[in-house]
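> Sharing a structure here in structure tokens format.
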Amino acid sequence: MTLRDRLRAMRMDLTPLRESRDFRLLFTAGTVFYFGAMVSYVAIPFQVYRLTGSNLLVGAIGLAELVPLVVFGLYGGALADHVDRRRLLVACGVAQAVFTAVLAVNAFRADPSIPLIFVMAGLLAASSAMQRPSREALMPRTVRHDQIAAANALSSFGMQIGVLVGPATGGLLIAFVGIGWCFVVDVVGLVIASVLFFLMRPYPHREETTPPSLAGIRQGIAYAVRRRDLLGTYLVDIAAMFLAMPVVLFPALVEDIFRRPELLGLLYSAETVGAIIATASSGWIGRVHHHGRAVVISAAAYGACIGLAGLMPSLWLVALFLMLSGTADMISGIFRTTVWNQTIPESMRGRLAGIEMLSYSVGPLGGQVRAGLVADLWSVRGSIASGGFACVMGVAITAAMLRDFWDYDERTDPHAVAERERRRAAGEVIDS
């Protein structure tokens with residue numbers, strides 16, 4: 001195979017976008033949604049800090065969002081397994097547009113209300129958490145079963161574009177036209193995304209459903225724990241984020257270690273650039289079948305890159321290894337999502353997406369506390385490096401304890417085979 005052929009084989013697989021109208025709608029809506037959300041992500045803490053001058057209150061925004069995120073993520077997952085998911089997407093999108101519009105009106109006032117900002121932040125977290133399980137559960141139904149890995153990579157690419165461009169746009173809007181316009185841009189994005197969700201065709205549940213309940217949520221948790229391959233995806237992600245996530249130390253790194261505060265944005269964007277590189281060159285992913293091993297190896301590579309970043313003598317080398325860590329983390333994420341979407345039954349997909357949100361939330365929040373504590377007791381560099389190398393060990397231990405996860409092969413795994421057969425029997429056809 002020539003170099004040109006190898007490079008062609010690495011190109012992102014665009015087949016889901018070409019063949020499925022509903023995936024195009026879902027992809028575009030998700031990209032617009034993340035772009036607007038990241039604009040507000042910059043605006044809310046900046047507004048609180050400008051009004052109060054308190055870092056404590058800025059940090060308290062996360063606390064205001066945590067409980068709604070957990071509670072409504074789990075409830076939204078159970079609800080997604082019962083109601084029309086497309087309608088739930090639209091309803092939650094409209095609710096988020098209303099809440100963000102309230103933030104816009106408040107920002108344009110001469111004396112914005114700080115308590116109102118916290119209330120709206122909590123409501124936005126609740127409505128977003130309610131929406132995400134439905135979006136995650138619908139995606140596999142918009143593409144063929146053999147296209148799920150490519151669809152995951154494309155969805156991640158759209159998200160990372162929003163994550164990269166959104167904060168920069170928010171910063172420019174704050175600097176030149178004011179905080180209120182950040183929320184206006186987000187409202188427009190939410191309306192566009194909601195219209196795109198509405199244009200999707202209905203996807204009725206294939207099996208009889210039951211209303212959301214605590215018993216149903218417990219059933220989803222029990223299913224996740226019983227499936228050791230699924231459990232491995234959650235535990236590897238939690239281990240990586242809890243042990244190795246260094247974001248909270250970026251300000252101290254540029255201010256106290258390298259004395260280059262003007263390069264703070266470089267560190268924040270480095271992992272996102274790496275993630276975009278991973279998705280843009282993801283054509284090879286569909287040819288990998290041992291997804292558990294791919295998750296373990298890429299998560300360990302993520303930890304190793306973070307560990308090396310903590311040892312680098314130059315801020316530019318730190319950024320380079322952060323970029324490589326973002327590449328490895330995105331590859332791990334694509335394969336984790338592929339395992340979920342290829343093996344979880346339709347009737348459980350919403351609840352498992354809600355549980356997935358917990359693994360995304362618990363690890364980073366705990367990781368911020370761990371990183372800050374170790375940095376105060378030891379050093380900033382020591383916290384970053386030790387966390388990264390501890391991640392390698394944690395991932396290796398998880399893989400050793402969960403052999404079913406390490407041995408997962410999507411060609412022979414009974415859950416993946418059963419889901420393929422269910423879809424074949426249902427005679428699903430994806431409209432172009």
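Residue numbers start at 1 in each chain; chains themselves are named A, B, ... in the order of the structure tokens; ligands are numbered from 1 in the order shown.
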Identify, on the basis of only C-alpha atoms, every residue whose closest approach to Val195 of chain A does not exceed 12 Å; exclude the query and any residue fewer than 2 positions from it along the same chain; express the result as a PDB file with N, CA, C and O atoms, in the first residue's frame.

ATOM      1  N   LEU A  25     -29.269  15.856   9.893  1.00  0.00           N
ATOM      2  CA  LEU A  25     -29.999  16.795  10.756  1.00  0.00           C
ATOM      3  C   LEU A  25     -29.466  16.741  12.185  1.00  0.00           C
ATOM      4  O   LEU A  25     -29.241  17.781  12.818  1.00  0.00           O
ATOM      5  N   LEU A  26     -29.256  15.522  12.694  1.00  0.00           N
ATOM      6  CA  LEU A  26     -28.782  15.360  14.065  1.00  0.00           C
ATOM      7  C   LEU A  26     -27.368  15.912  14.217  1.00  0.00           C
ATOM      8  O   LEU A  26     -27.048  16.577  15.216  1.00  0.00           O
ATOM      9  N   THR A  28     -25.870  18.287  12.332  1.00  0.00           N
ATOM     10  CA  THR A  28     -25.880  19.750  12.225  1.00  0.00           C
ATOM     11  C   THR A  28     -26.454  20.383  13.484  1.00  0.00           C
ATOM     12  O   THR A  28     -25.909  21.364  14.005  1.00  0.00           O
ATOM     13  N   ALA A  29     -27.546  19.812  13.988  1.00  0.00           N
ATOM     14  CA  ALA A  29     -28.152  20.344  15.204  1.00  0.00           C
ATOM     15  C   ALA A  29     -27.183  20.257  16.381  1.00  0.00           C
ATOM     16  O   ALA A  29     -27.061  21.199  17.171  1.00  0.00           O
ATOM     17  N   GLY A  30     -26.492  19.123  16.500  1.00  0.00           N
ATOM     18  CA  GLY A  30     -25.551  18.956  17.597  1.00  0.00           C
ATOM     19  C   GLY A  30     -24.396  19.938  17.518  1.00  0.00           C
ATOM     20  O   GLY A  30     -23.960  20.498  18.528  1.00  0.00           O
ATOM     21  N   VAL A  32     -24.363  22.939  16.018  1.00  0.00           N
ATOM     22  CA  VAL A  32     -24.882  24.272  16.353  1.00  0.00           C
ATOM     23  C   VAL A  32     -25.139  24.386  17.853  1.00  0.00           C
ATOM     24  O   VAL A  32     -24.835  25.403  18.482  1.00  0.00           O
ATOM     25  N   PHE A  33     -25.695  23.326  18.432  1.00  0.00           N
ATOM     26  CA  PHE A  33     -26.003  23.320  19.858  1.00  0.00           C
ATOM     27  C   PHE A  33     -24.736  23.508  20.688  1.00  0.00           C
ATOM     28  O   PHE A  33     -24.694  24.333  21.607  1.00  0.00           O
ATOM     29  N   ARG A  86     -37.761  12.300  19.777  1.00  0.00           N
ATOM     30  CA  ARG A  86     -37.653  13.502  18.947  1.00  0.00           C
ATOM     31  C   ARG A  86     -38.408  14.665  19.585  1.00  0.00           C
ATOM     32  O   ARG A  86     -37.919  15.797  19.628  1.00  0.00           O
ATOM     33  N   ARG A  87     -39.611  14.401  20.096  1.00  0.00           N
ATOM     34  CA  ARG A  87     -40.374  15.462  20.753  1.00  0.00           C
ATOM     35  C   ARG A  87     -39.674  15.949  22.015  1.00  0.00           C
ATOM     36  O   ARG A  87     -39.697  17.147  22.331  1.00  0.00           O
ATOM     37  N   LEU A  89     -36.437  15.999  22.472  1.00  0.00           N
ATOM     38  CA  LEU A  89     -35.349  16.860  22.004  1.00  0.00           C
ATOM     39  C   LEU A  89     -35.849  18.272  21.732  1.00  0.00           C
ATOM     40  O   LEU A  89     -35.226  19.255  22.142  1.00  0.00           O
ATOM     41  N   VAL A  90     -36.970  18.371  21.027  1.00  0.00           N
ATOM     42  CA  VAL A  90     -37.514  19.687  20.680  1.00  0.00           C
ATOM     43  C   VAL A  90     -37.950  20.433  21.929  1.00  0.00           C
ATOM     44  O   VAL A  90     -37.636  21.623  22.113  1.00  0.00           O
ATOM     45  N   ALA A  91     -38.669  19.752  22.837  1.00  0.00           N
ATOM     46  CA  ALA A  91     -39.172  20.410  24.049  1.00  0.00           C
ATOM     47  C   ALA A  91     -38.028  20.930  24.914  1.00  0.00           C
ATOM     48  O   ALA A  91     -38.065  22.063  25.412  1.00  0.00           O
ATOM     49  N   CYS A  92     -36.979  20.127  25.080  1.00  0.00           N
ATOM     50  CA  CYS A  92     -35.840  20.553  25.892  1.00  0.00           C
ATOM     51  C   CYS A  92     -35.070  21.683  25.205  1.00  0.00           C
ATOM     52  O   CYS A  92     -34.568  22.592  25.872  1.00  0.00           O
ATOM     53  N   GLY A  93     -34.991  21.632  23.873  1.00  0.00           N
ATOM     54  CA  GLY A  93     -34.320  22.705  23.151  1.00  0.00           C
ATOM     55  C   GLY A  93     -35.054  24.026  23.303  1.00  0.00           C
ATOM     56  O   GLY A  93     -34.432  25.081  23.507  1.00  0.00           O
ATOM     57  N   VAL A  94     -36.390  23.988  23.217  1.00  0.00           N
ATOM     58  CA  VAL A  94     -37.184  25.208  23.406  1.00  0.00           C
ATOM     59  C   VAL A  94     -37.024  25.733  24.831  1.00  0.00           C
ATOM     60  O   VAL A  94     -36.879  26.944  25.056  1.00  0.00           O
ATOM     61  N   ALA A  97     -33.794  27.477  25.155  1.00  0.00           N
ATOM     62  CA  ALA A  97     -33.841  28.780  24.486  1.00  0.00           C
ATOM     63  C   ALA A  97     -34.515  29.819  25.381  1.00  0.00           C
ATOM     64  O   ALA A  97     -34.066  30.964  25.464  1.00  0.00           O
ATOM     65  N   VAL A 188     -30.299  31.902  19.355  1.00  0.00           N
ATOM     66  CA  VAL A 188     -30.478  31.640  17.918  1.00  0.00           C
ATOM     67  C   VAL A 188     -30.036  30.223  17.588  1.00  0.00           C
ATOM     68  O   VAL A 188     -30.726  29.496  16.851  1.00  0.00           O
ATOM     69  N   GLY A 189     -28.894  29.789  18.133  1.00  0.00           N
ATOM     70  CA  GLY A 189     -28.427  28.431  17.892  1.00  0.00           C
ATOM     71  C   GLY A 189     -29.399  27.382  18.413  1.00  0.00           C
ATOM     72  O   GLY A 189     -29.647  26.362  17.754  1.00  0.00           O
ATOM     73  N   LEU A 190     -29.951  27.611  19.601  1.00  0.00           N
ATOM     74  CA  LEU A 190     -30.897  26.653  20.186  1.00  0.00           C
ATOM     75  C   LEU A 190     -32.170  26.560  19.351  1.00  0.00           C
ATOM     76  O   LEU A 190     -32.734  25.465  19.187  1.00  0.00           O
ATOM     77  N   VAL A 191     -32.636  27.679  18.831  1.00  0.00           N
ATOM     78  CA  VAL A 191     -33.832  27.658  17.978  1.00  0.00           C
ATOM     79  C   VAL A 191     -33.556  26.882  16.694  1.00  0.00           C
ATOM     80  O   VAL A 191     -34.365  26.045  16.264  1.00  0.00           O
ATOM     81  N   ILE A 192     -32.396  27.131  16.078  1.00  0.00           N
ATOM     82  CA  ILE A 192     -32.028  26.406  14.849  1.00  0.00           C
ATOM     83  C   ILE A 192     -31.937  24.908  15.127  1.00  0.00           C
ATOM     84  O   ILE A 192     -32.467  24.079  14.368  1.00  0.00           O
ATOM     85  N   ALA A 193     -31.262  24.539  16.218  1.00  0.00           N
ATOM     86  CA  ALA A 193     -31.122  23.121  16.556  1.00  0.00           C
ATOM     87  C   ALA A 193     -32.480  22.476  16.803  1.00  0.00           C
ATOM     88  O   ALA A 193     -32.731  21.346  16.360  1.00  0.00           O
ATOM     89  N   PHE A 197     -34.157  19.276  14.889  1.00  0.00           N
ATOM     90  CA  PHE A 197     -34.685  18.099  15.577  1.00  0.00           C
ATOM     91  C   PHE A 197     -36.117  17.822  15.139  1.00  0.00           C
ATOM     92  O   PHE A 197     -36.511  16.675  14.908  1.00  0.00           O
ATOM     93  N   PHE A 198     -36.913  18.869  15.004  1.00  0.00           N
ATOM     94  CA  PHE A 198     -38.316  18.724  14.613  1.00  0.00           C
ATOM     95  C   PHE A 198     -38.454  18.134  13.218  1.00  0.00           C
ATOM     96  O   PHE A 198     -39.412  17.388  12.927  1.00  0.00           O
ATOM     97  N   LEU A 199     -37.507  18.430  12.324  1.00  0.00           N
ATOM     98  CA  LEU A 199     -37.579  17.957  10.940  1.00  0.00           C
ATOM     99  C   LEU A 199     -37.222  16.477  10.793  1.00  0.00           C
ATOM    100  O   LEU A 199     -37.438  15.896   9.726  1.00  0.00           O
ATOM    101  N   MET A 200     -36.676  15.864  11.840  1.00  0.00           N
ATOM    102  CA  MET A 200     -36.381  14.437  11.778  1.00  0.00           C
ATOM    103  C   MET A 200     -37.669  13.629  11.736  1.00  0.00           C
ATOM    104  O   MET A 200     -38.710  14.058  12.246  1.00  0.00           O
TER     105      MET A 200
END
> For Met159 of chain A, find every residue with an atom within 9 Å (counting only C-alpha atoms), except residues of its own chain fewer than 3 positions away, and show them as a list in words.
Phe27, Gly30, Thr31, Val32, Phe33, Tyr34, Phe35, Leu154, Ser155, Ser156, Gly162, Val163 and Leu164 of chain A
> May I have the selected residues written with N, CA, C and O atoms, as a CSV table (one decimal), in the first residue's frame?

chain,number,residue,atom,x,y,z
A,27,PHE,N,-26.5,15.7,13.2
A,27,PHE,CA,-25.1,16.1,13.3
A,27,PHE,C,-25.1,17.7,13.2
A,27,PHE,O,-24.4,18.3,14.0
A,30,GLY,N,-26.5,19.1,16.5
A,30,GLY,CA,-25.6,19.0,17.6
A,30,GLY,C,-24.4,19.9,17.5
A,30,GLY,O,-24.0,20.5,18.5
A,31,THR,N,-23.9,20.2,16.3
A,31,THR,CA,-22.8,21.1,16.1
A,31,THR,C,-23.2,22.5,16.5
A,31,THR,O,-22.5,23.2,17.2
A,32,VAL,N,-24.4,22.9,16.0
A,32,VAL,CA,-24.9,24.3,16.4
A,32,VAL,C,-25.1,24.4,17.9
A,32,VAL,O,-24.8,25.4,18.5
A,33,PHE,N,-25.7,23.3,18.4
A,33,PHE,CA,-26.0,23.3,19.9
A,33,PHE,C,-24.7,23.5,20.7
A,33,PHE,O,-24.7,24.3,21.6
A,34,TYR,N,-23.7,22.8,20.4
A,34,TYR,CA,-22.5,22.9,21.2
A,34,TYR,C,-21.8,24.2,21.0
A,34,TYR,O,-21.2,24.8,21.9
A,35,PHE,N,-21.9,24.8,19.8
A,35,PHE,CA,-21.3,26.1,19.5
A,35,PHE,C,-21.9,27.1,20.4
A,35,PHE,O,-21.3,27.9,21.1
A,154,LEU,N,-17.9,11.3,13.5
A,154,LEU,CA,-18.5,12.5,12.9
A,154,LEU,C,-19.2,13.4,14.0
A,154,LEU,O,-19.0,14.6,14.0
A,155,SER,N,-20.0,12.7,14.9
A,155,SER,CA,-20.6,13.5,15.9
A,155,SER,C,-19.6,14.1,16.9
A,155,SER,O,-19.8,15.3,17.3
A,156,SER,N,-18.6,13.4,17.2
A,156,SER,CA,-17.5,14.0,18.0
A,156,SER,C,-16.8,15.1,17.3
A,156,SER,O,-16.5,16.1,18.0
A,162,GLY,N,-17.6,22.9,17.7
A,162,GLY,CA,-18.3,23.8,18.6
A,162,GLY,C,-17.5,24.2,19.8
A,162,GLY,O,-17.5,25.4,20.2
A,163,VAL,N,-16.8,23.2,20.4
A,163,VAL,CA,-16.1,23.5,21.6
A,163,VAL,C,-14.9,24.4,21.3
A,163,VAL,O,-14.5,25.2,22.2
A,164,LEU,N,-14.3,24.2,20.1
A,164,LEU,CA,-13.1,25.1,19.8
A,164,LEU,C,-13.5,26.5,19.4
A,164,LEU,O,-12.9,27.5,19.8
> Taking 2 positions as the minimum chain separation for residues in the same chain, which residues sit within 12 Å of segment 42-51 of chain A when counting only C-alpha atoms? Answer as a ChimeraX atom specification.
/A:35-40,53-62,100,103-104,106-108,110-122,124,163-175,178-186
> Show which residues sit within 7 Å of segment 125-139 of chain A, as a list in words. Count only C-alpha atoms, and ignore same-chain residues fewer than 3 positions away.
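The neighbour list is Phe23, Glu65, Pro68, Leu69, Phe72, Gly73, Gly76, Gly77, Ala80, Arg85, Leu88, Leu89, Cys92, Ala95, Gln96, Ala121, Gly122, Thr142, Arg349, Gly350, Ala353 and Gly354 of chain A.
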> For the selection just defined, write its residues with all heavy atoms to a file, as a CSV table (one decimal), in the first residue's frame.

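Written output follows (selection23.csv):
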chain,number,residue,atom,x,y,z
A,23,PHE,N,-29.4,11.6,10.1
A,23,PHE,CA,-28.1,11.8,10.7
A,23,PHE,C,-27.5,13.2,10.4
A,23,PHE,O,-26.9,13.8,11.2
A,23,PHE,CB,-27.1,10.7,10.3
A,23,PHE,CG,-25.7,10.9,11.0
A,23,PHE,CD1,-25.6,10.6,12.3
A,23,PHE,CD2,-24.7,11.5,10.3
A,23,PHE,CE1,-24.3,10.8,13.0
A,23,PHE,CE2,-23.5,11.7,10.9
A,23,PHE,CZ,-23.3,11.3,12.2
A,65,GLU,N,-25.0,23.6,39.2
A,65,GLU,CA,-25.4,22.8,38.0
A,65,GLU,C,-25.3,21.3,38.3
A,65,GLU,O,-25.9,20.5,37.6
A,65,GLU,CB,-24.4,23.1,36.8
A,65,GLU,CG,-24.6,24.5,36.3
A,65,GLU,CD,-23.5,24.9,35.3
A,65,GLU,OE1,-22.5,24.2,35.3
A,65,GLU,OE2,-23.7,25.8,34.5
A,68,PRO,N,-28.8,19.3,39.5
A,68,PRO,CA,-29.7,19.1,38.3
A,68,PRO,C,-29.1,18.2,37.2
A,68,PRO,O,-29.9,17.4,36.6
A,68,PRO,CB,-29.8,20.5,37.8
A,68,PRO,CG,-29.5,21.4,38.9
A,68,PRO,CD,-28.5,20.7,39.7
A,69,LEU,N,-27.8,18.3,37.0
A,69,LEU,CA,-27.2,17.4,36.0
A,69,LEU,C,-27.4,15.9,36.3
A,69,LEU,O,-27.7,15.1,35.5
A,69,LEU,CB,-25.7,17.8,35.9
A,69,LEU,CG,-24.9,17.1,34.8
A,69,LEU,CD1,-25.3,17.6,33.4
A,69,LEU,CD2,-23.4,17.3,35.0
A,72,PHE,N,-31.6,15.1,36.7
A,72,PHE,CA,-32.3,15.1,35.5
A,72,PHE,C,-31.6,14.3,34.4
A,72,PHE,O,-32.3,13.9,33.4
A,72,PHE,CB,-32.5,16.5,35.0
A,72,PHE,CG,-33.6,17.3,35.9
A,72,PHE,CD1,-33.2,18.0,37.0
A,72,PHE,CD2,-34.9,17.2,35.6
A,72,PHE,CE1,-34.1,18.6,37.8
A,72,PHE,CE2,-35.8,17.8,36.4
A,72,PHE,CZ,-35.4,18.5,37.5
A,73,GLY,N,-30.3,14.0,34.5
A,73,GLY,CA,-29.7,13.1,33.6
A,73,GLY,C,-30.2,11.7,33.7
A,73,GLY,O,-30.6,11.1,32.7
A,76,GLY,N,-34.0,11.9,32.8
A,76,GLY,CA,-34.1,12.1,31.3
A,76,GLY,C,-33.8,10.8,30.6
A,76,GLY,O,-34.4,10.5,29.5
A,77,GLY,N,-32.9,10.0,31.1
A,77,GLY,CA,-32.6,8.7,30.5
A,77,GLY,C,-33.8,7.8,30.6
A,77,GLY,O,-34.1,7.1,29.6
A,80,ALA,N,-36.5,9.0,28.2
A,80,ALA,CA,-36.1,8.8,26.8
A,80,ALA,C,-36.5,7.3,26.4
A,80,ALA,O,-36.7,7.1,25.2
A,80,ALA,CB,-34.7,9.0,26.6
A,85,ARG,N,-38.7,10.4,21.6
A,85,ARG,CA,-37.4,11.0,21.8
A,85,ARG,C,-37.2,12.3,21.0
A,85,ARG,O,-36.6,13.3,21.4
A,85,ARG,CB,-36.2,10.1,21.5
A,85,ARG,CG,-36.1,8.9,22.5
A,85,ARG,CD,-35.3,7.8,22.1
A,85,ARG,NE,-35.1,6.8,23.1
A,85,ARG,CZ,-34.8,5.5,22.8
A,85,ARG,NH1,-34.5,5.2,21.6
A,85,ARG,NH2,-34.7,4.6,23.8
A,88,LEU,N,-39.0,15.0,22.7
A,88,LEU,CA,-38.3,15.4,23.9
A,88,LEU,C,-37.1,16.3,23.6
A,88,LEU,O,-36.8,17.3,24.3
A,88,LEU,CB,-37.8,14.2,24.7
A,88,LEU,CG,-37.2,14.4,26.1
A,88,LEU,CD1,-38.2,15.1,27.0
A,88,LEU,CD2,-36.8,13.1,26.7
A,89,LEU,N,-36.4,16.0,22.5
A,89,LEU,CA,-35.3,16.9,22.0
A,89,LEU,C,-35.8,18.3,21.7
A,89,LEU,O,-35.2,19.3,22.1
A,89,LEU,CB,-34.7,16.3,20.7
A,89,LEU,CG,-33.8,15.1,20.8
A,89,LEU,CD1,-33.4,14.6,19.4
A,89,LEU,CD2,-32.6,15.4,21.7
A,92,CYS,N,-37.0,20.1,25.1
A,92,CYS,CA,-35.8,20.6,25.9
A,92,CYS,C,-35.1,21.7,25.2
A,92,CYS,O,-34.6,22.6,25.9
A,92,CYS,CB,-34.9,19.4,26.2
A,92,CYS,SG,-35.6,18.1,27.3
A,95,ALA,N,-37.0,24.8,25.8
A,95,ALA,CA,-36.9,25.2,27.2
A,95,ALA,C,-35.5,25.9,27.4
A,95,ALA,O,-35.4,27.0,28.1
A,95,ALA,CB,-37.0,24.0,28.1
A,96,GLN,N,-34.5,25.4,26.8
A,96,GLN,CA,-33.1,26.0,26.9
A,96,GLN,C,-33.1,27.3,26.3
A,96,GLN,O,-32.4,28.3,26.8
A,96,GLN,CB,-32.1,25.0,26.3
A,96,GLN,CG,-31.8,23.8,27.1
A,96,GLN,CD,-30.9,22.8,26.4
A,96,GLN,OE1,-29.7,23.0,26.4
A,96,GLN,NE2,-31.5,21.8,25.7
A,121,ALA,N,-28.8,29.0,35.4
A,121,ALA,CA,-27.7,28.0,35.1
A,121,ALA,C,-28.1,26.6,35.6
A,121,ALA,O,-27.9,25.6,34.9
A,121,ALA,CB,-26.4,28.4,35.9
A,122,GLY,N,-28.8,26.5,36.7
A,122,GLY,CA,-29.3,25.3,37.2
A,122,GLY,C,-30.4,24.7,36.3
A,122,GLY,O,-30.4,23.5,35.9
A,142,THR,N,-30.4,6.3,13.3
A,142,THR,CA,-30.3,7.1,12.1
A,142,THR,C,-29.3,6.6,11.1
A,142,THR,O,-29.3,7.1,10.0
A,142,THR,CB,-30.0,8.6,12.4
A,142,THR,OG1,-28.7,8.7,12.9
A,142,THR,CG2,-31.0,9.2,13.4
A,349,ARG,N,-31.6,2.1,26.1
A,349,ARG,CA,-30.6,3.0,25.6
A,349,ARG,C,-30.6,4.4,26.3
A,349,ARG,O,-29.6,5.0,26.6
A,349,ARG,CB,-30.7,3.2,24.1
A,349,ARG,CG,-29.4,3.8,23.5
A,349,ARG,CD,-29.5,3.6,22.0
A,349,ARG,NE,-29.2,2.2,21.6
A,349,ARG,CZ,-29.6,1.7,20.5
A,349,ARG,NH1,-30.5,2.3,19.7
A,349,ARG,NH2,-29.3,0.4,20.2
A,350,GLY,N,-31.8,4.9,26.6
A,350,GLY,CA,-31.9,6.2,27.2
A,350,GLY,C,-31.4,6.1,28.6
A,350,GLY,O,-30.6,7.0,29.1
A,353,ALA,N,-27.7,6.0,28.6
A,353,ALA,CA,-27.1,7.3,28.3
A,353,ALA,C,-27.1,8.2,29.5
A,353,ALA,O,-26.2,9.0,29.7
A,353,ALA,CB,-27.9,7.9,27.1
A,354,GLY,N,-28.1,8.1,30.4
A,354,GLY,CA,-28.1,8.9,31.6
A,354,GLY,C,-27.0,8.5,32.5
A,354,GLY,O,-26.4,9.3,33.1
> What's the separation between atom CA of Leu267 of chain A and atom CA of Thr338 of chain A, in Å to one decimal place?
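So the two atoms, atom CA of Leu267 of chain A and atom CA of Thr338 of chain A, lie 28.6 Å apart.
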> Give me the residues within 10 Å of Asp146 of chain A as number ranges by chain, counting only C-alpha atoms and dropping any in the same chain fewer than 3 places off.
A: 140, 143, 149-151, 286, 342, 420
> Using atom CA of Trp406 of chain A and atom CA of Val247 of chain A as the two end points, give the distance in Å to one decimal.
28.8 Å
> Mind pulling up the distance from atom CA of Ala239 of chain A to atom CA of Leu373 of chain A?
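Between these atoms lies a distance of 17.0 Å.
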> I want to know what sits within 6 Å of segment 232-237 of chain A, based on only C-alpha atoms, with residues of the same chain fewer than 2 positions away left out; could you give that as a PyMOL selection string?
chain A and resi 229-230+239-240+336+359+395+405
> Go through A:Val187, A:Val83, A:Met12, A:Ala278 and flag the residue nearest Ile334 of chain A, using only C-alpha atoms for the distances.
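Ranking A:Val187, A:Val83, A:Met12, A:Ala278 by distance to Ile334 of chain A, first place goes to A:Ala278.
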> Residues near segment 214-217 of chain A, anyone? I mean within 10 Å using only C-alpha atoms, not counting same-chain ones fewer than 4 positions away, as JSON, numbers by chain.
{"A": [74, 75, 77, 78, 79, 81, 210, 221, 222, 223, 348, 351, 352, 354, 355]}
> Taking only C-alpha atoms into account, name the residue in A:Gln160, A:Gln219, A:Ser194, A:Ser213 that is nearest to Glu271 of chain A.
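The closest residue to Glu271 of chain A is A:Gln160.
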> DSSP on the backbone: what in segment 122-210 of chain A comes out alpha helix (DSSP H), as a VMD selection string?
chain A and resid 122 to 138 148 to 176 179 to 199
